[in-house]
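> This is input_12.csv (CSV, C-alpha atoms and all ligand atoms).
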```csv
chain,number,residue,atom,x,y,z
A,1,MET,CA,101.3,106.5,103.9
A,2,LYS,CA,103.3,105.7,100.8
A,3,LEU,CA,104.5,108.2,98.3
A,4,MET,CA,104.7,107.3,94.6
A,5,GLY,CA,107.1,109.7,92.9
A,6,ILE,CA,106.2,110.5,89.2
A,7,VAL,CA,108.9,110.0,86.5
A,8,ASN,CA,107.4,111.2,83.2
A,9,VAL,CA,109.5,110.3,80.2
A,10,THR,CA,107.3,112.2,77.8
A,11,PRO,CA,107.5,115.4,75.6
A,12,ASP,CA,104.0,116.4,76.5
A,13,SER,CA,103.0,115.6,80.1
A,14,PHE,CA,100.9,118.5,81.4
A,15,SER,CA,103.2,119.7,84.1
A,16,ASP,CA,106.7,118.5,83.3
A,17,GLY,CA,106.5,117.4,79.6
A,18,GLY,CA,109.9,117.4,78.0
A,19,LEU,CA,111.9,117.9,81.2
A,20,PHE,CA,112.9,114.3,81.5
A,21,LEU,CA,112.5,112.9,78.0
A,22,ASP,CA,116.2,112.0,77.9
A,23,ALA,CA,116.7,108.7,79.7
A,24,GLU,CA,119.6,109.9,81.8
A,25,ALA,CA,117.7,113.0,83.0
A,26,ALA,CA,114.7,110.7,83.9
A,27,VAL,CA,116.9,108.3,85.8
A,28,GLU,CA,118.5,111.2,87.7
A,29,HIS,CA,115.1,112.6,88.5
A,30,GLY,CA,114.0,109.2,89.8
A,31,ARG,CA,117.1,108.9,92.0
A,32,GLU,CA,116.4,112.4,93.4
A,33,LEU,CA,112.7,111.5,94.2
A,34,ALA,CA,113.9,108.3,96.0
A,35,SER,CA,116.4,110.3,98.0
A,36,GLU,CA,113.6,112.7,99.0
A,37,GLY,CA,111.6,109.8,100.4
A,38,ALA,CA,109.6,108.2,97.6
A,39,ASP,CA,108.4,104.6,98.4
A,40,LEU,CA,107.8,103.9,94.8
A,41,LEU,CA,108.7,105.4,91.4
A,42,ASP,CA,106.0,105.5,88.7
A,43,VAL,CA,107.6,105.6,85.2
A,44,GLY,CA,105.4,106.7,82.3
A,45,GLY,CA,106.0,107.2,78.6
A,46,GLU,CA,102.6,108.4,77.4
A,47,SER,CA,100.8,111.5,78.6
A,48,THR,CA,97.2,111.1,79.7
A,49,ARG,CA,96.5,114.8,79.9
A,50,PRO,CA,93.2,115.9,78.4
A,51,GLY,CA,93.5,115.9,74.6
A,52,ALA,CA,96.8,114.0,74.6
A,53,GLU,CA,97.6,112.1,71.4
A,54,ALA,CA,98.1,108.3,71.7
A,55,VAL,CA,101.6,106.9,71.4
A,56,SER,CA,102.6,103.6,69.8
A,57,ALA,CA,103.8,100.7,72.0
A,58,GLN,CA,107.2,100.9,70.2
A,59,GLN,CA,107.6,104.6,71.0
A,60,GLU,CA,106.4,104.2,74.6
A,61,LEU,CA,108.7,101.2,75.1
A,62,ALA,CA,111.8,103.1,73.7
A,63,ARG,CA,111.1,105.9,76.3
A,64,VAL,CA,110.5,103.8,79.4
A,65,GLU,CA,112.5,100.6,79.1
A,66,PRO,CA,116.0,102.1,79.8
A,67,VAL,CA,114.6,104.2,82.6
A,68,VAL,CA,112.9,101.3,84.3
A,69,ALA,CA,116.0,99.1,83.8
A,70,ALA,CA,118.2,101.7,85.4
A,71,LEU,CA,115.9,102.5,88.3
A,72,ALA,CA,115.0,98.9,89.1
A,73,GLY,CA,118.5,97.5,88.5
A,74,ASP,CA,121.3,96.8,91.0
A,75,GLN,CA,122.6,100.4,90.6
A,76,GLY,CA,119.2,101.9,91.1
A,77,PRO,CA,118.0,103.7,94.3
A,78,GLY,CA,116.4,100.5,95.8
A,79,VAL,CA,112.7,101.4,95.7
A,80,PRO,CA,110.1,99.5,93.7
A,81,VAL,CA,109.4,100.8,90.2
A,82,SER,CA,105.9,100.9,88.7
A,83,ILE,CA,105.1,101.2,85.0
A,84,ASP,CA,102.3,103.7,84.1
A,85,THR,CA,101.0,102.1,80.9
A,86,SER,CA,97.8,100.7,79.4
A,87,LYS,CA,99.6,98.4,76.9
A,88,ARG,CA,100.5,94.8,77.6
A,89,ALA,CA,103.6,94.9,75.4
A,90,VAL,CA,105.0,97.9,77.4
A,91,ALA,CA,104.1,96.4,80.7
A,92,GLU,CA,105.7,93.1,79.8
A,93,ALA,CA,109.0,94.7,78.8
A,94,ALA,CA,108.9,96.9,82.0
A,95,LEU,CA,108.3,93.9,84.2
A,96,ASP,CA,111.1,92.1,82.4
A,97,ALA,CA,113.3,95.1,83.2
A,98,GLY,CA,112.5,94.9,86.9
A,99,ALA,CA,109.2,96.8,87.4
A,100,GLU,CA,107.0,95.3,90.2
A,101,LEU,CA,103.7,97.2,89.7
A,102,VAL,CA,101.5,98.0,86.7
A,103,ASN,CA,99.6,101.3,86.9
A,104,ASP,CA,96.8,101.3,84.3
A,105,VAL,CA,94.7,104.5,84.0
A,106,THR,CA,92.2,102.6,81.8
A,107,ALA,CA,91.7,99.9,84.3
A,108,LEU,CA,92.3,97.1,81.7
A,109,ARG,CA,89.8,98.6,79.2
A,110,ALA,CA,92.4,99.7,76.6
A,111,ASP,CA,94.2,96.3,76.5
A,112,PRO,CA,92.3,93.6,78.4
A,113,GLU,CA,95.1,91.2,77.8
A,114,LEU,CA,97.2,93.2,80.3
A,115,ALA,CA,95.1,91.4,83.0
A,116,GLY,CA,96.5,88.0,82.0
A,117,LEU,CA,100.1,89.3,82.1
A,118,CYS,CA,99.6,90.7,85.6
A,119,ALA,CA,98.0,87.5,86.8
A,120,GLU,CA,100.9,85.5,85.3
A,121,ARG,CA,103.6,87.7,86.9
A,122,GLY,CA,101.9,88.2,90.2
A,123,CYS,CA,102.7,91.9,90.1
A,124,GLU,CA,100.7,94.7,91.9
A,125,LEU,CA,98.1,96.4,89.7
A,126,VAL,CA,96.5,99.8,90.0
A,127,LEU,CA,93.0,100.1,88.4
A,128,MET,CA,92.0,103.8,87.9
A,129,HIS,CA,88.7,105.3,87.0
A,130,MET,CA,88.4,107.5,83.9
A,131,LEU,CA,85.3,108.6,82.0
A,132,GLY,CA,85.9,107.7,78.3
A,133,ASP,CA,89.5,108.4,77.1
A,134,PRO,CA,91.9,111.3,77.4
A,135,ARG,CA,90.8,112.8,74.1
A,136,THR,CA,87.2,113.1,75.2
A,137,MET,CA,87.1,112.8,79.0
A,138,GLN,CA,86.7,116.5,79.8
A,139,ASP,CA,83.8,117.1,77.3
A,140,ASP,CA,81.0,117.8,79.8
A,141,PRO,CA,81.5,114.9,82.3
A,142,CYS,CA,78.2,113.7,83.9
A,143,TYR,CA,77.5,111.3,86.8
A,144,ASP,CA,74.3,110.3,88.7
A,145,ASP,CA,76.5,110.5,91.9
A,146,VAL,CA,80.2,110.8,91.1
A,147,VAL,CA,81.3,108.7,94.2
A,148,ASP,CA,78.8,105.9,93.7
A,149,ASP,CA,79.5,105.8,90.0
A,150,VAL,CA,83.3,105.7,90.4
A,151,LYS,CA,82.9,103.0,93.1
A,152,ALA,CA,80.7,100.8,90.9
A,153,PHE,CA,83.1,101.2,88.0
A,154,LEU,CA,86.0,100.2,90.2
A,155,ALA,CA,84.1,97.2,91.7
A,156,GLU,CA,83.3,96.0,88.2
A,157,ARG,CA,87.0,96.4,87.1
A,158,VAL,CA,88.2,94.5,90.2
A,159,GLU,CA,85.8,91.7,89.3
A,160,PHE,CA,87.1,91.6,85.7
A,161,ALA,CA,90.8,91.5,86.9
A,162,THR,CA,90.1,88.8,89.4
A,163,ALA,CA,88.2,86.7,86.8
A,164,GLU,CA,91.3,87.0,84.7
A,165,GLY,CA,93.4,85.6,87.5
A,166,VAL,CA,94.8,88.6,89.2
A,167,ALA,CA,95.0,88.0,93.0
A,168,GLU,CA,92.6,90.2,95.0
A,169,GLU,CA,95.4,91.3,97.3
A,170,ARG,CA,97.5,92.6,94.4
A,171,ILE,CA,94.9,95.1,93.4
A,172,TRP,CA,94.9,98.8,94.2
A,173,VAL,CA,92.1,101.2,93.2
A,174,ASP,CA,92.2,104.9,92.2
A,175,PRO,CA,89.4,107.4,91.7
A,176,GLY,CA,91.2,109.1,88.8
A,177,ILE,CA,91.2,112.7,89.9
A,178,GLY,CA,90.9,114.9,86.8
A,179,PHE,CA,90.0,112.1,84.5
A,180,GLY,CA,86.6,113.1,83.2
A,181,LYS,CA,85.7,115.2,86.2
A,182,THR,CA,84.6,118.8,86.9
A,183,VAL,CA,86.1,120.7,89.8
A,184,GLU,CA,83.1,119.8,91.9
A,185,HIS,CA,83.4,116.1,91.0
A,186,ASN,CA,87.0,116.1,92.1
A,187,LEU,CA,86.1,117.9,95.4
A,188,GLU,CA,83.3,115.5,96.1
A,189,LEU,CA,85.5,112.5,95.5
A,190,ILE,CA,88.1,113.9,97.9
A,191,ARG,CA,85.5,114.7,100.5
A,192,ARG,CA,83.9,111.2,100.3
A,193,LEU,CA,87.1,109.2,99.5
A,194,GLY,CA,86.5,107.1,102.6
A,195,GLU,CA,83.5,105.5,100.8
A,196,LEU,CA,85.9,103.8,98.4
A,197,ARG,CA,87.5,102.0,101.3
A,198,GLU,CA,84.4,99.7,101.2
A,199,LEU,CA,85.9,98.2,98.1
A,200,GLY,CA,88.5,96.6,100.3
A,201,HIS,CA,91.6,97.6,98.3
A,202,PRO,CA,94.3,100.2,99.0
A,203,ILE,CA,93.4,103.6,97.5
A,204,VAL,CA,95.9,105.3,95.3
A,205,PHE,CA,95.2,109.1,94.9
A,206,GLY,CA,96.7,111.4,92.3
A,207,SER,CA,95.9,115.1,92.5
A,208,SER,CA,99.4,116.5,91.9
A,209,ARG,CA,99.4,119.8,90.1
A,210,LYS,CA,96.1,119.0,88.4
A,211,SER,CA,93.9,121.6,86.8
A,212,PHE,CA,91.1,121.7,89.5
A,213,ILE,CA,93.8,123.1,91.8
A,214,GLY,CA,94.6,125.8,89.2
A,215,LYS,CA,90.9,126.6,88.8
A,216,LEU,CA,90.5,127.1,92.5
A,217,THR,CA,93.7,129.1,93.2
A,218,GLY,CA,94.4,130.7,89.8
A,219,ALA,CA,97.9,129.3,90.0
A,220,PRO,CA,99.7,128.1,86.8
A,221,VAL,CA,100.8,124.4,86.7
A,222,ASP,CA,104.3,125.1,88.2
A,223,GLN,CA,102.8,126.9,91.2
A,224,ARG,CA,100.3,124.4,92.5
A,225,LEU,CA,102.3,122.8,95.3
A,226,GLY,CA,100.3,124.3,98.2
A,227,GLY,CA,97.0,123.3,96.7
A,228,THR,CA,98.4,119.8,95.9
A,229,ILE,CA,99.6,119.3,99.5
A,230,ALA,CA,96.2,120.5,100.9
A,231,SER,CA,94.3,117.9,98.8
A,232,ASN,CA,96.8,115.1,99.6
A,233,VAL,CA,96.7,115.7,103.3
A,234,ILE,CA,92.9,115.5,103.2
A,235,ALA,CA,93.0,112.4,101.0
A,236,CYS,CA,95.4,110.9,103.6
A,237,ALA,CA,92.9,111.7,106.4
A,238,ASN,CA,90.1,110.2,104.4
A,239,GLY,CA,91.8,106.9,103.8
A,240,ALA,CA,94.2,107.1,100.8
A,241,ALA,CA,97.1,104.7,101.1
A,242,ILE,CA,99.4,105.8,98.3
A,243,LEU,CA,99.8,109.4,97.0
A,244,ARG,CA,101.1,109.9,93.5
A,245,VAL,CA,103.1,113.1,93.5
A,246,HIS,CA,105.6,115.1,91.5
A,247,ASP,CA,107.1,116.9,94.6
A,248,VAL,CA,108.2,114.1,97.0
A,249,GLY,CA,110.2,116.1,99.5
A,250,PRO,CA,107.6,118.7,100.5
A,251,HIS,CA,105.0,115.9,100.8
A,252,ARG,CA,107.2,113.7,103.0
A,253,GLU,CA,107.5,116.7,105.3
A,254,ALA,CA,103.7,117.5,105.3
A,255,LEU,CA,102.8,113.9,105.8
A,256,THR,CA,105.1,113.4,108.7
A,257,VAL,CA,103.2,116.1,110.5
A,258,ALA,CA,99.7,115.0,109.2
A,259,GLU,CA,100.3,111.4,110.2
A,260,ALA,CA,101.6,112.4,113.7
A,261,ILE,CA,98.3,114.2,114.2
A,262,LEU,CA,96.1,111.5,112.6
A,263,SER,CA,97.7,108.3,113.7
A,264,PRO,CA,97.2,106.8,117.1
A,265,SER,CA,100.5,104.8,116.6
A,266,ILE,CA,102.4,107.6,118.4
A,267,SER,CA,100.6,106.9,121.6
A,268,TRP,CA,101.0,103.1,121.1
A,269,SER,CA,104.7,103.5,120.9
A,270,SER,CA,104.9,105.4,124.2
A,271,PRO,CA,104.9,103.5,127.5
A,272,ARG,CA,101.4,103.1,128.8
A,273,PRO,CA,100.6,103.6,132.5
A,274,ALA,CA,100.2,100.2,134.3
A,301,LIG,N1,97.4,110.8,86.9
A,301,LIG,C1,98.2,110.9,85.8
A,301,LIG,C2,98.9,109.8,85.2
A,301,LIG,N2,98.8,108.6,85.8
A,301,LIG,N3,97.9,107.2,87.5
A,301,LIG,C3,97.2,107.0,88.6
A,301,LIG,N4,97.1,105.8,89.2
A,301,LIG,N5,96.5,108.1,89.1
A,301,LIG,C4,96.5,109.3,88.6
A,301,LIG,O1,95.8,110.2,89.1
A,301,LIG,C5,97.3,109.5,87.5
A,301,LIG,C6,98.0,108.4,86.9
A,301,LIG,C7,98.4,112.3,85.2
A,301,LIG,O2,99.5,112.9,85.7
A,301,LIG,P1,100.9,113.1,85.1
A,301,LIG,O3,101.6,111.7,84.9
A,301,LIG,O4,101.7,114.1,85.8
A,301,LIG,O5,100.6,113.7,83.7
A,301,LIG,P2,100.6,113.1,82.2
A,301,LIG,O6,99.6,112.1,82.1
A,301,LIG,O7,100.3,114.3,81.3
A,301,LIG,O8,102.0,112.5,81.9
```
Would you put the structure from the file into C-alpha cells?

Amino acid sequence: MKLMGIVNVTPDSFSDGGLFLDAEAAVEHGRELASEGADLLDVGGESTRPGAEAVSAQQELARVEPVVAALAGDQGPGVPVSIDTSKRAVAEAALDAGAELVNDVTALRADPELAGLCAERGCELVLMHMLGDPRTMQDDPCYDDVVDDVKAFLAERVEFATAEGVAEERIWVDPGIGFGKTVEHNLELIRRLGELRELGHPIVFGSSRKSFIGKLTGAPVDQRLGGTIASNVIACANGAAILRVHDVGPHREALTVAEAILSPSISWSSPRPA
C-alpha cells in the first residue's frame, strides 16, 4: 500500500489553504511527510474544493514549480513527486522540474492536450472521476448507479488516454471521493471499491478530511483524522493501491497493522513446515 502525501501550495484548499503557500513552507512540509513515510508527494497549486475559483496557468506554475524543483531535486527527500494539475503547461513545467506523475482530477477533460504530453514523457497518470466541475459538482449530484457510472466514466477516460498514446501500464484510476457525490454516493463507492479493480489499473483513493466524514461525525475539517483513517483502512481492504492523505504518519501506523491483518505475505515470509 502506497501513501501519497498532499502538499497544497494554495491559499484556499479546503483543509490547509494558506498554510503552505510560501514555497519554503511547502517544501518543508513535503520533507516532513516523506520522513513520516510518504511514498509519493502530490504537489498542487489550484484548489478543487466545491465552489473553488479557477487559477491561471501562470499563477499555478509560479506556486508549484519551485516546490516541485526542490522536492524532486538532488537535495530533495528522495521520493517521487506528482503534480496535481489539469493544465498541460503546468504539467510540462513540473515534469521538467523533476515530477514523475501527473494527477489530473478532470481525467483529461479540461485540457485534452495533457494526454499527448504524458504519452511523450512516459510519466504515470492518474485519471479521476468528477461530475461536472468544482463550481457545480455538488449541485444535486445524481447517478443511475454510482459505482457503475464511475466505472464506465473511468473506462472511457482510459480509452481516450491510450488512444492518445499513454501506455496502459502508466494509468491509475481514482473514484474521486467528494467530487460530485453525496455522503451515500461516497459510502457506496468505498463499500464497492473492489468493483473498480475490474478496470485493471491501480486504484488511487482520496478521502482525507473530506466533508462526508464531517457530515457523519460532526467534526470540523481539522478533526477528521479518525474518520479518514477508518475510510482509508476499508479502502485498502477493498483494493485501493495508493491512498492520498494529509496525515502520513498516523496512516503509516494504521496501515502497518491493517496490512499485517489483511496480507498473507506475513505467513509467506515465515518458514513453512516441510
Ligand atoms: N482530492 C483533492 C485533490 N486532488 N486527486 C486525486 N487523485 N484524488 C482526490 O481525491 C483528490 C485529488 C482534494 O483534496 P485537497 O487537495 O486536500 O483539497 P483542495 O483541492 O481544496 O486543494
> Find the spatial neighbours of region 192-194 of chain A, counting all atoms listed in the file, within a cut-off of 6 Å - ignore same-chain residues fewer than 2 positions away - and output them as a list in words.
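Close residues of region 192-194 of chain A: Leu189, Ile190, Leu196, Arg197, Asn238 and Gly239 of chain A.
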> Could you give me, as a list in words, the residues within 9 Å of Thr217 (chain A), counting all atoms listed in the file and dropping anything in the same chain fewer than 5 positions from it?
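Result of the neighbour search: Phe212, Arg224 and Gly227 of chain A.
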> Select the residues contacting ligand LIG 301 (chain A) at a distance of at most 7 Å, based on all atoms listed in the file, then format the selection as a list of chain:residue names.
A:Ile6, A:Asn8, A:Thr10, A:Asp12, A:Ser13, A:Phe14, A:Ser15, A:Gly44, A:Glu46, A:Ser47, A:Thr48, A:Arg49, A:Asp84, A:Asn103, A:Asp104, A:Val105, A:Val126, A:Met128, A:Asp174, A:Gly176, A:Ile177, A:Val204, A:Phe205, A:Gly206, A:Ser207, A:Ser208, A:Arg244, A:His246
> So, with only C-alpha atoms as the atoms that count, which of A:Gly200, A:Pro220, A:Gly98, A:Pro134 lies closest to Glu169 (chain A)?
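Checking each candidate against Glu169 (chain A), we get A:Gly200 as the closest.
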> If you measure from CA of Lys181 (chain A) to CA of Gln223 (chain A), what distance in Å do you get, rounded to one decimal?
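Going from CA of Lys181 (chain A) over to CA of Gln223 (chain A) covers 21.3 Å.
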> Which neighbours of region 68-79 of chain A fall inside 7 Å, counting all atoms listed in the file, when residues of the same chain fewer than 5 positions from it are skipped, and could you give them as an NGL selection string?
:A and (27 or 31 or 34 or 39-40 or 43 or 94 or 97-99)
> To one decimal in Å, tell me the separation between CA of Gly249 (chain A) and CA of Cys123 (chain A).
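According to the coordinates, CA of Gly249 (chain A) and CA of Cys123 (chain A) are separated by 27.0 Å.
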> Tell me, in Å to one decimal, how far CA of Asp247 (chain A) is from CA of Met4 (chain A).
9.9 Å
> Under the rule that all atoms listed in the file are counted, which of A:Ala91, A:Ala110, A:Leu216, A:Ala235 is the nearest residue to Ala54 (chain A)?
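Closest candidate: A:Ala110.
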